[in-house]
Amino acid sequence: MKEQIEKLKSEAKKFEIKTKEQLEKFRLEFLSKKGKLNDVFEDFKKVNPEEKKSLGQLVNQLKIELEEKFSRFNNELDSDKKEKNNTLDFTLPGDAMVLGSRHPLSIVQNQIISIFNRMGFIISEGPEIEDDWHNFSALNFPENHPARDMQDTFFVEKDMALRTHTSSVQVRVMQNQKPPIRTISPGRVYRNEAVSARANCFFHQLEGLYINKNVSFADLKLTLFQFVEEFFGKGTEVRFRPSYFPFTEPSAEMDIYLGTGSEEDIRLTKGTGWLEILGCGMVDENVLKNCGIDTENYSGYAFGMGIERIAMLKYGIKDLRLFFENDVRLLKQFEGVF
Ligand code: PHE
């Protein structure tokens with residue numbers, strides 16, 4: 001019996017406890033009802049009375065040792081856990097959340113869209129790979145117009161090209177909808193130009209189209225005045241210059257007045273103070289007919305503006321290429337702008 005007790009003592013001493021699981025194993029092996037300590041107590045009952053006194057002390061000592069080891073490790077593992085929790089300092093400032101930013105072209109495009117949305121224009125879109133008819137013929141471009149030349153247009157195959165303007169969407173809308181039509185079409189367009197600070201082989205336009213009974217040039221002017229006032233601010237001066245587009249008659253270009261107060265303004269306006277921002281006009285009767293609009297009853301206006309040019313103006317960006325390089329140093333400056 002004595003040996004049994006000694007053996008158990010050294011066994012318990014060697015038992016390694018580093019985790020909660022090991023602690024539980026220790027408890028099951030030594031201290032539980034079916035554990036080894038209980039076996040010792042069972043055997044102890046059978047011991048004859050003379051030996052009981054001395055053996056009793058040993059058994060008690062064993063019990064105390066085992067229980068002490070259990071509670072020591074139990075406390076230790078608990079406080080380990082607490083210590084780990086204490087390494088969290090709730091007073092430290094949190095990690096800053098990195099905010100993404102919208103591209104300046106998206107910001108400007110969204111602002112323009114929201115102004116026209118409020119005037120009742122809805123968005124329509126068309127394909128970027130367009131057939132010759134939608135991009136040119138329906139829009140009254142003569143067969144030998146220079147824009148149809150390979151030098152100006154990227155052809156994908158015969159009669160299929162990357163659209164050179166968003167006016168192609170006008171055609172699709174008029175073909176598919178009945179007047180009254182009031183729509184804007186933002187989108188990417190492509191032209192075969194050498195890349196420079198002022199030109200790129202693709203850029204963005206926003207087209208406007210309004211078809212209804214008795215639409216006049218005065219309606220066009222009113223809409224554009226309203227747009228300029230909202231986008232560039234009250235009191236921004238504008239002027240219309242007669243111009244030519246195959247698909248509008250009469251046609252005009254609209255300039256806004258920047259003045260010649262700064263070198264930048266002089267450069268942008270070539271010394272005149274005026275900067276062209278869009279083309280517009282009354283939709284040519286031929287175009288209306290090509291698209292199945294009843295010209296006896298309906299007329300309309302259209303306008304098209306370049307998003308890049310307006311964004312350059314708004315943010316003082318001097319080189320068009322910056323829009324397409326996606327340099328984070330530029331993009332980061334628009335964090336939180338919508
Ligand atoms: N499509 C013309 C361009 O790309 C702009 C325009 C649109 C002009 C609508 C008049 C009417 O330059």
# chains A, B, ... in the order shown; residues from 1 in each chain; ligands from 1
$ residues_near_ligand --ligand "ligand 1" --cutoff "9 Å" --atoms "only C-alpha atoms and all ligand atoms" --output "number ranges by chain"
A: 164-168, 170, 189, 205-209, 244-248, 251-253, 278-283, 301-306
$ write_last_selection --atoms "N, CA and C atoms" --output "mmCIF file, in the first residue's frame"
data_model
loop_
_atom_site.group_PDB
_atom_site.id
_atom_site.type_symbol
_atom_site.label_atom_id
_atom_site.label_comp_id
_atom_site.auth_asym_id
_atom_site.auth_seq_id
_atom_site.Cartn_x
_atom_site.Cartn_y
_atom_site.Cartn_z
ATOM 1 N N THR A 164 -17.552 57.277 -82.354
ATOM 2 C CA THR A 164 -16.735 58.486 -82.275
ATOM 3 C C THR A 164 -17.430 59.562 -81.468
ATOM 4 N N HIS A 165 -18.692 59.359 -81.165
ATOM 5 C CA HIS A 165 -19.434 60.297 -80.317
ATOM 6 C C HIS A 165 -20.669 59.591 -79.744
ATOM 7 N N THR A 166 -21.240 60.188 -78.702
ATOM 8 C CA THR A 166 -22.424 59.561 -78.088
ATOM 9 C C THR A 166 -23.694 59.891 -78.871
ATOM 10 N N SER A 167 -23.568 60.665 -79.966
ATOM 11 C CA SER A 167 -24.754 60.976 -80.772
ATOM 12 C C SER A 167 -25.378 59.699 -81.346
ATOM 13 N N SER A 168 -24.584 58.631 -81.426
ATOM 14 C CA SER A 168 -25.134 57.362 -81.920
ATOM 15 C C SER A 168 -26.256 56.853 -81.016
ATOM 16 N N GLN A 170 -28.457 58.745 -79.530
ATOM 17 C CA GLN A 170 -29.676 59.475 -79.957
ATOM 18 C C GLN A 170 -30.478 58.643 -80.942
ATOM 19 N N VAL A 189 -16.124 57.486 -75.742
ATOM 20 C CA VAL A 189 -16.042 57.570 -77.202
ATOM 21 C C VAL A 189 -14.576 57.498 -77.633
ATOM 22 N N GLN A 205 -18.118 61.583 -73.223
ATOM 23 C CA GLN A 205 -19.068 62.628 -73.605
ATOM 24 C C GLN A 205 -20.368 62.427 -72.856
ATOM 25 N N LEU A 206 -21.161 63.478 -72.841
ATOM 26 C CA LEU A 206 -22.529 63.344 -72.348
ATOM 27 C C LEU A 206 -23.434 64.025 -73.354
ATOM 28 N N GLU A 207 -24.340 63.235 -73.899
ATOM 29 C CA GLU A 207 -25.240 63.687 -74.952
ATOM 30 C C GLU A 207 -26.594 64.003 -74.346
ATOM 31 N N GLY A 208 -27.256 65.012 -74.876
ATOM 32 C CA GLY A 208 -28.626 65.302 -74.435
ATOM 33 C C GLY A 208 -29.551 65.322 -75.636
ATOM 34 N N LEU A 209 -30.770 64.857 -75.462
ATOM 35 C CA LEU A 209 -31.730 64.849 -76.570
ATOM 36 C C LEU A 209 -33.122 65.129 -76.027
ATOM 37 N N TYR A 244 -21.269 74.079 -87.167
ATOM 38 C CA TYR A 244 -21.848 73.107 -88.091
ATOM 39 C C TYR A 244 -21.671 71.683 -87.589
ATOM 40 N N PHE A 245 -22.728 70.939 -87.542
ATOM 41 C CA PHE A 245 -22.697 69.485 -87.363
ATOM 42 C C PHE A 245 -23.660 68.911 -88.396
ATOM 43 N N PRO A 246 -23.345 67.771 -88.979
ATOM 44 C CA PRO A 246 -24.235 67.217 -90.008
ATOM 45 C C PRO A 246 -25.629 66.901 -89.469
ATOM 46 N N PHE A 247 -25.712 66.637 -88.163
ATOM 47 C CA PHE A 247 -26.976 66.128 -87.610
ATOM 48 C C PHE A 247 -27.822 67.189 -86.921
ATOM 49 N N THR A 248 -27.352 68.441 -86.894
ATOM 50 C CA THR A 248 -28.189 69.508 -86.317
ATOM 51 C C THR A 248 -28.256 70.689 -87.281
ATOM 52 N N SER A 251 -26.893 74.808 -85.983
ATOM 53 C CA SER A 251 -25.969 74.252 -84.980
ATOM 54 C C SER A 251 -25.232 75.389 -84.284
ATOM 55 N N ALA A 252 -24.793 75.103 -83.091
ATOM 56 C CA ALA A 252 -24.038 76.127 -82.358
ATOM 57 C C ALA A 252 -23.041 75.464 -81.426
ATOM 58 N N GLU A 253 -22.056 76.252 -81.010
ATOM 59 C CA GLU A 253 -21.182 75.816 -79.936
ATOM 60 C C GLU A 253 -21.373 76.786 -78.788
ATOM 61 N N LEU A 278 -19.410 72.908 -75.250
ATOM 62 C CA LEU A 278 -20.284 71.895 -75.875
ATOM 63 C C LEU A 278 -20.754 72.310 -77.265
ATOM 64 N N GLY A 279 -21.223 71.280 -78.005
ATOM 65 C CA GLY A 279 -21.852 71.508 -79.300
ATOM 66 C C GLY A 279 -23.338 71.217 -79.159
ATOM 67 N N CYS A 280 -24.150 71.899 -79.948
ATOM 68 C CA CYS A 280 -25.591 71.690 -79.814
ATOM 69 C C CYS A 280 -26.326 72.169 -81.070
ATOM 70 N N GLY A 281 -27.627 71.961 -81.088
ATOM 71 C CA GLY A 281 -28.415 72.434 -82.217
ATOM 72 C C GLY A 281 -29.778 71.774 -82.254
ATOM 73 N N MET A 282 -30.583 72.193 -83.253
ATOM 74 C CA MET A 282 -31.883 71.544 -83.454
ATOM 75 C C MET A 282 -31.636 70.302 -84.301
ATOM 76 N N VAL A 283 -32.207 69.183 -83.884
ATOM 77 C CA VAL A 283 -31.962 67.922 -84.597
ATOM 78 C C VAL A 283 -32.428 68.075 -86.056
ATOM 79 N N TYR A 301 -34.116 69.168 -79.889
ATOM 80 C CA TYR A 301 -32.740 69.670 -79.839
ATOM 81 C C TYR A 301 -31.822 68.590 -79.288
ATOM 82 N N ALA A 302 -30.529 68.775 -79.539
ATOM 83 C CA ALA A 302 -29.518 67.850 -78.999
ATOM 84 C C ALA A 302 -28.299 68.658 -78.597
ATOM 85 N N PHE A 303 -27.570 68.135 -77.638
ATOM 86 C CA PHE A 303 -26.298 68.771 -77.268
ATOM 87 C C PHE A 303 -25.333 67.681 -76.835
ATOM 88 N N GLY A 304 -24.038 67.974 -76.930
ATOM 89 C CA GLY A 304 -23.035 66.998 -76.512
ATOM 90 C C GLY A 304 -21.840 67.714 -75.912
ATOM 91 N N MET A 305 -21.436 67.238 -74.728
ATOM 92 C CA MET A 305 -20.286 67.897 -74.087
ATOM 93 C C MET A 305 -19.216 66.882 -73.723
ATOM 94 N N GLY A 306 -17.981 67.346 -73.633
ATOM 95 C CA GLY A 306 -16.870 66.481 -73.239
ATOM 96 C C GLY A 306 -16.683 66.550 -71.737
#
$ residues_around --residues "Ser106 of chain A" --least-positions-apart "6" --cutoff "12 Å" --atoms "only C-alpha atoms" --output "count of residues only"
18
$ select_by_dssp --residues "segment 220-287 of chain A" --states "strand (DSSP E)" --output "MDAnalysis selection string"
chainID A and resid 238:245 248:257 274:283
$ select_by_dssp --residues "segment 107-336 of chain A" --states "helix (DSSP H, G or I)" --output "count of residues only"
80
$ atom_distance --atom1 "atom CA of Arg72 of chain A" --atom2 "atom CA of Lys53 of chain A"
28.7 Å
$ residues_around --residues "Ser262 of chain A" --least-positions-apart "6" --cutoff "12 Å" --atoms "only C-alpha atoms" --output "ChimeraX atom specification"
/A:268-271,273
$ write_last_selection --atoms "N, CA, C and O atoms" --output "PDB file, in the first residue's frame"
ATOM      1  N   LEU A 268      -5.860  78.548 -71.445  1.00  0.00           N
ATOM      2  CA  LEU A 268      -7.024  77.724 -71.791  1.00  0.00           C
ATOM      3  C   LEU A 268      -7.882  78.357 -72.879  1.00  0.00           C
ATOM      4  O   LEU A 268      -8.456  77.671 -73.723  1.00  0.00           O
ATOM      5  N   THR A 269      -7.993  79.680 -72.846  1.00  0.00           N
ATOM      6  CA  THR A 269      -8.921  80.350 -73.758  1.00  0.00           C
ATOM      7  C   THR A 269      -8.195  80.990 -74.937  1.00  0.00           C
ATOM      8  O   THR A 269      -8.785  81.749 -75.698  1.00  0.00           O
ATOM      9  N   LYS A 270      -6.925  80.697 -75.052  1.00  0.00           N
ATOM     10  CA  LYS A 270      -6.082  81.262 -76.108  1.00  0.00           C
ATOM     11  C   LYS A 270      -6.203  82.778 -76.145  1.00  0.00           C
ATOM     12  O   LYS A 270      -6.281  83.400 -77.213  1.00  0.00           O
ATOM     13  N   GLY A 271      -6.320  83.351 -74.973  1.00  0.00           N
ATOM     14  CA  GLY A 271      -6.320  84.814 -74.865  1.00  0.00           C
ATOM     15  C   GLY A 271      -7.668  85.467 -75.037  1.00  0.00           C
ATOM     16  O   GLY A 271      -7.806  86.679 -74.828  1.00  0.00           O
ATOM     17  N   GLY A 273     -10.563  84.636 -73.383  1.00  0.00           N
ATOM     18  CA  GLY A 273     -11.406  84.594 -72.192  1.00  0.00           C
ATOM     19  C   GLY A 273     -12.548  83.589 -72.316  1.00  0.00           C
ATOM     20  O   GLY A 273     -13.179  83.236 -71.334  1.00  0.00           O
TER      21      GLY A 273
END
$ atom_distance --atom1 "atom CA of Glu24 of chain A" --atom2 "atom CA of Asn74 of chain A"
9.4 Å
$ residues_around --residues "segment 61-65 of chain A" --least-positions-apart "6" --cutoff "10 Å" --atoms "only C-alpha atoms" --output "PDB file with all heavy atoms, in the first residue's frame"
ATOM      1  N   ILE A   5       1.079   4.285  -2.863  1.00  0.00           N
ATOM      2  CA  ILE A   5       0.934   5.719  -2.598  1.00  0.00           C
ATOM      3  C   ILE A   5       2.137   6.495  -3.153  1.00  0.00           C
ATOM      4  O   ILE A   5       1.985   7.527  -3.832  1.00  0.00           O
ATOM      5  CB  ILE A   5       0.764   5.982  -1.089  1.00  0.00           C
ATOM      6  CG1 ILE A   5      -0.580   5.389  -0.620  1.00  0.00           C
ATOM      7  CG2 ILE A   5       0.807   7.474  -0.794  1.00  0.00           C
ATOM      8  CD1 ILE A   5      -0.749   5.377   0.879  1.00  0.00           C
ATOM      9  N   GLU A   6       3.336   5.987  -2.899  1.00  0.00           N
ATOM     10  CA  GLU A   6       4.531   6.677  -3.382  1.00  0.00           C
ATOM     11  C   GLU A   6       4.547   6.781  -4.908  1.00  0.00           C
ATOM     12  O   GLU A   6       4.879   7.819  -5.480  1.00  0.00           O
ATOM     13  CB  GLU A   6       5.808   5.933  -2.924  1.00  0.00           C
ATOM     14  CG  GLU A   6       6.153   6.091  -1.449  1.00  0.00           C
ATOM     15  CD  GLU A   6       6.216   7.532  -0.995  1.00  0.00           C
ATOM     16  OE1 GLU A   6       6.725   8.390  -1.770  1.00  0.00           O
ATOM     17  OE2 GLU A   6       5.737   7.830   0.089  1.00  0.00           O
ATOM     18  N   LEU A   8       2.025   6.735  -6.942  1.00  0.00           N
ATOM     19  CA  LEU A   8       1.017   7.685  -7.399  1.00  0.00           C
ATOM     20  C   LEU A   8       1.507   9.127  -7.221  1.00  0.00           C
ATOM     21  O   LEU A   8       1.317   9.985  -8.100  1.00  0.00           O
ATOM     22  CB  LEU A   8      -0.278   7.463  -6.604  1.00  0.00           C
ATOM     23  CG  LEU A   8      -1.557   7.937  -7.265  1.00  0.00           C
ATOM     24  CD1 LEU A   8      -1.709   7.335  -8.645  1.00  0.00           C
ATOM     25  CD2 LEU A   8      -2.762   7.575  -6.394  1.00  0.00           C
ATOM     26  N   LYS A   9       2.164   9.362  -6.094  1.00  0.00           N
ATOM     27  CA  LYS A   9       2.717  10.695  -5.827  1.00  0.00           C
ATOM     28  C   LYS A   9       3.675  11.130  -6.932  1.00  0.00           C
ATOM     29  O   LYS A   9       3.574  12.242  -7.463  1.00  0.00           O
ATOM     30  CB  LYS A   9       3.504  10.669  -4.496  1.00  0.00           C
ATOM     31  CG  LYS A   9       2.789  11.304  -3.349  1.00  0.00           C
ATOM     32  CD  LYS A   9       3.784  11.461  -2.206  1.00  0.00           C
ATOM     33  CE  LYS A   9       3.053  11.774  -0.910  1.00  0.00           C
ATOM     34  NZ  LYS A   9       3.991  11.820   0.228  1.00  0.00           N
ATOM     35  N   ALA A  12       1.934  11.737 -10.253  1.00  0.00           N
ATOM     36  CA  ALA A  12       1.215  13.017 -10.269  1.00  0.00           C
ATOM     37  C   ALA A  12       2.185  14.183 -10.411  1.00  0.00           C
ATOM     38  O   ALA A  12       1.903  15.178 -11.083  1.00  0.00           O
ATOM     39  CB  ALA A  12       0.382  13.181  -9.017  1.00  0.00           C
ATOM     40  N   LYS A  13       3.333  14.041  -9.783  1.00  0.00           N
ATOM     41  CA  LYS A  13       4.343  15.100  -9.853  1.00  0.00           C
ATOM     42  C   LYS A  13       4.811  15.307 -11.285  1.00  0.00           C
ATOM     43  O   LYS A  13       4.977  16.441 -11.748  1.00  0.00           O
ATOM     44  CB  LYS A  13       5.545  14.710  -8.973  1.00  0.00           C
ATOM     45  CG  LYS A  13       5.819  15.728  -7.892  1.00  0.00           C
ATOM     46  CD  LYS A  13       7.124  15.447  -7.205  1.00  0.00           C
ATOM     47  CE  LYS A  13       7.132  16.197  -5.863  1.00  0.00           C
ATOM     48  NZ  LYS A  13       7.764  15.402  -4.804  1.00  0.00           N
ATOM     49  N   PHE A  30      -6.686  11.441 -11.730  1.00  0.00           N
ATOM     50  CA  PHE A  30      -6.351  11.327 -10.309  1.00  0.00           C
ATOM     51  C   PHE A  30      -7.505  11.654  -9.362  1.00  0.00           C
ATOM     52  O   PHE A  30      -7.676  10.998  -8.358  1.00  0.00           O
ATOM     53  CB  PHE A  30      -5.156  12.228  -9.964  1.00  0.00           C
ATOM     54  CG  PHE A  30      -3.906  11.829 -10.688  1.00  0.00           C
ATOM     55  CD1 PHE A  30      -3.477  12.524 -11.803  1.00  0.00           C
ATOM     56  CD2 PHE A  30      -3.151  10.737 -10.235  1.00  0.00           C
ATOM     57  CE1 PHE A  30      -2.324  12.155 -12.471  1.00  0.00           C
ATOM     58  CE2 PHE A  30      -1.992  10.350 -10.912  1.00  0.00           C
ATOM     59  CZ  PHE A  30      -1.572  11.059 -12.037  1.00  0.00           C
ATOM     60  N   LEU A  31      -8.287  12.670  -9.665  1.00  0.00           N
ATOM     61  CA  LEU A  31      -9.201  13.190  -8.655  1.00  0.00           C
ATOM     62  C   LEU A  31     -10.665  12.816  -8.830  1.00  0.00           C
ATOM     63  O   LEU A  31     -11.459  12.999  -7.917  1.00  0.00           O
ATOM     64  CB  LEU A  31      -9.091  14.729  -8.608  1.00  0.00           C
ATOM     65  CG  LEU A  31      -7.719  15.263  -8.191  1.00  0.00           C
ATOM     66  CD1 LEU A  31      -7.636  16.754  -8.418  1.00  0.00           C
ATOM     67  CD2 LEU A  31      -7.433  14.926  -6.734  1.00  0.00           C
ATOM     68  N   LEU A  37      -6.941   8.261  -7.100  1.00  0.00           N
ATOM     69  CA  LEU A  37      -7.006   8.587  -5.673  1.00  0.00           C
ATOM     70  C   LEU A  37      -8.145   7.813  -5.013  1.00  0.00           C
ATOM     71  O   LEU A  37      -7.999   7.258  -3.916  1.00  0.00           O
ATOM     72  CB  LEU A  37      -7.214  10.094  -5.492  1.00  0.00           C
ATOM     73  CG  LEU A  37      -7.238  10.588  -4.037  1.00  0.00           C
ATOM     74  CD1 LEU A  37      -5.902  10.328  -3.331  1.00  0.00           C
ATOM     75  CD2 LEU A  37      -7.593  12.063  -3.961  1.00  0.00           C
ATOM     76  N   ASN A  38      -9.258   7.749  -5.739  1.00  0.00           N
ATOM     77  CA  ASN A  38     -10.395   6.999  -5.212  1.00  0.00           C
ATOM     78  C   ASN A  38     -10.071   5.521  -5.037  1.00  0.00           C
ATOM     79  O   ASN A  38     -10.472   4.897  -4.043  1.00  0.00           O
ATOM     80  CB  ASN A  38     -11.586   7.164  -6.150  1.00  0.00           C
ATOM     81  CG  ASN A  38     -12.866   7.401  -5.364  1.00  0.00           C
ATOM     82  OD1 ASN A  38     -12.812   7.976  -4.280  1.00  0.00           O
ATOM     83  ND2 ASN A  38     -13.965   6.935  -5.901  1.00  0.00           N
ATOM     84  N   VAL A  40      -7.223   4.357  -4.283  1.00  0.00           N
ATOM     85  CA  VAL A  40      -6.419   4.267  -3.063  1.00  0.00           C
ATOM     86  C   VAL A  40      -7.338   4.238  -1.837  1.00  0.00           C
ATOM     87  O   VAL A  40      -7.171   3.433  -0.920  1.00  0.00           O
ATOM     88  CB  VAL A  40      -5.416   5.433  -2.971  1.00  0.00           C
ATOM     89  CG1 VAL A  40      -4.709   5.447  -1.609  1.00  0.00           C
ATOM     90  CG2 VAL A  40      -4.376   5.320  -4.081  1.00  0.00           C
ATOM     91  N   PHE A  41      -8.350   5.127  -1.875  1.00  0.00           N
ATOM     92  CA  PHE A  41      -9.281   5.146  -0.743  1.00  0.00           C
ATOM     93  C   PHE A  41     -10.022   3.820  -0.596  1.00  0.00           C
ATOM     94  O   PHE A  41     -10.244   3.335   0.517  1.00  0.00           O
ATOM     95  CB  PHE A  41     -10.294   6.294  -0.893  1.00  0.00           C
ATOM     96  CG  PHE A  41      -9.761   7.594  -0.365  1.00  0.00           C
ATOM     97  CD1 PHE A  41      -9.437   8.638  -1.199  1.00  0.00           C
ATOM     98  CD2 PHE A  41      -9.600   7.764   1.024  1.00  0.00           C
ATOM     99  CE1 PHE A  41      -8.957   9.839  -0.698  1.00  0.00           C
ATOM    100  CE2 PHE A  41      -9.120   8.971   1.523  1.00  0.00           C
ATOM    101  CZ  PHE A  41      -8.791  10.008   0.666  1.00  0.00           C
ATOM    102  N   LEU A  55      -0.948   4.642   7.761  1.00  0.00           N
ATOM    103  CA  LEU A  55      -1.286   4.733   6.328  1.00  0.00           C
ATOM    104  C   LEU A  55      -2.249   5.879   6.067  1.00  0.00           C
ATOM    105  O   LEU A  55      -2.152   6.590   5.064  1.00  0.00           O
ATOM    106  CB  LEU A  55      -1.881   3.420   5.832  1.00  0.00           C
ATOM    107  CG  LEU A  55      -0.870   2.367   5.393  1.00  0.00           C
ATOM    108  CD1 LEU A  55      -1.584   1.096   4.969  1.00  0.00           C
ATOM    109  CD2 LEU A  55      -0.004   2.877   4.240  1.00  0.00           C
TER     110      LEU A  55
END
$ residues_around --residues "segment 152-155 of chain A" --least-positions-apart "2" --cutoff "12 Å" --atoms "only C-alpha atoms" --output "PyMOL selection string"
chain A and resi 128-132+135-136+145-150+157-165+189-194+201-202
$ closest_residue --among "A:Phe141, A:Phe232, A:Phe227, A:Phe90" --to "Asn286 of chain A" --atoms "only C-alpha atoms"
A:Phe141
$ atom_distance --atom1 "atom CA of Glu249 of chain A" --atom2 "atom CA of Asp284 of chain A"
5.2 Å
$ closest_residue --among "A:Gln151, A:Ser54, A:Thr91, A:Gln333" --to "Met1 of chain A" --atoms "only C-alpha atoms"
A:Ser54
$ closest_residue --among "A:Leu58, A:Ile211, A:Met97, A:Ile115" --to "Glu230 of chain A" --atoms "only C-alpha atoms"
A:Ile115
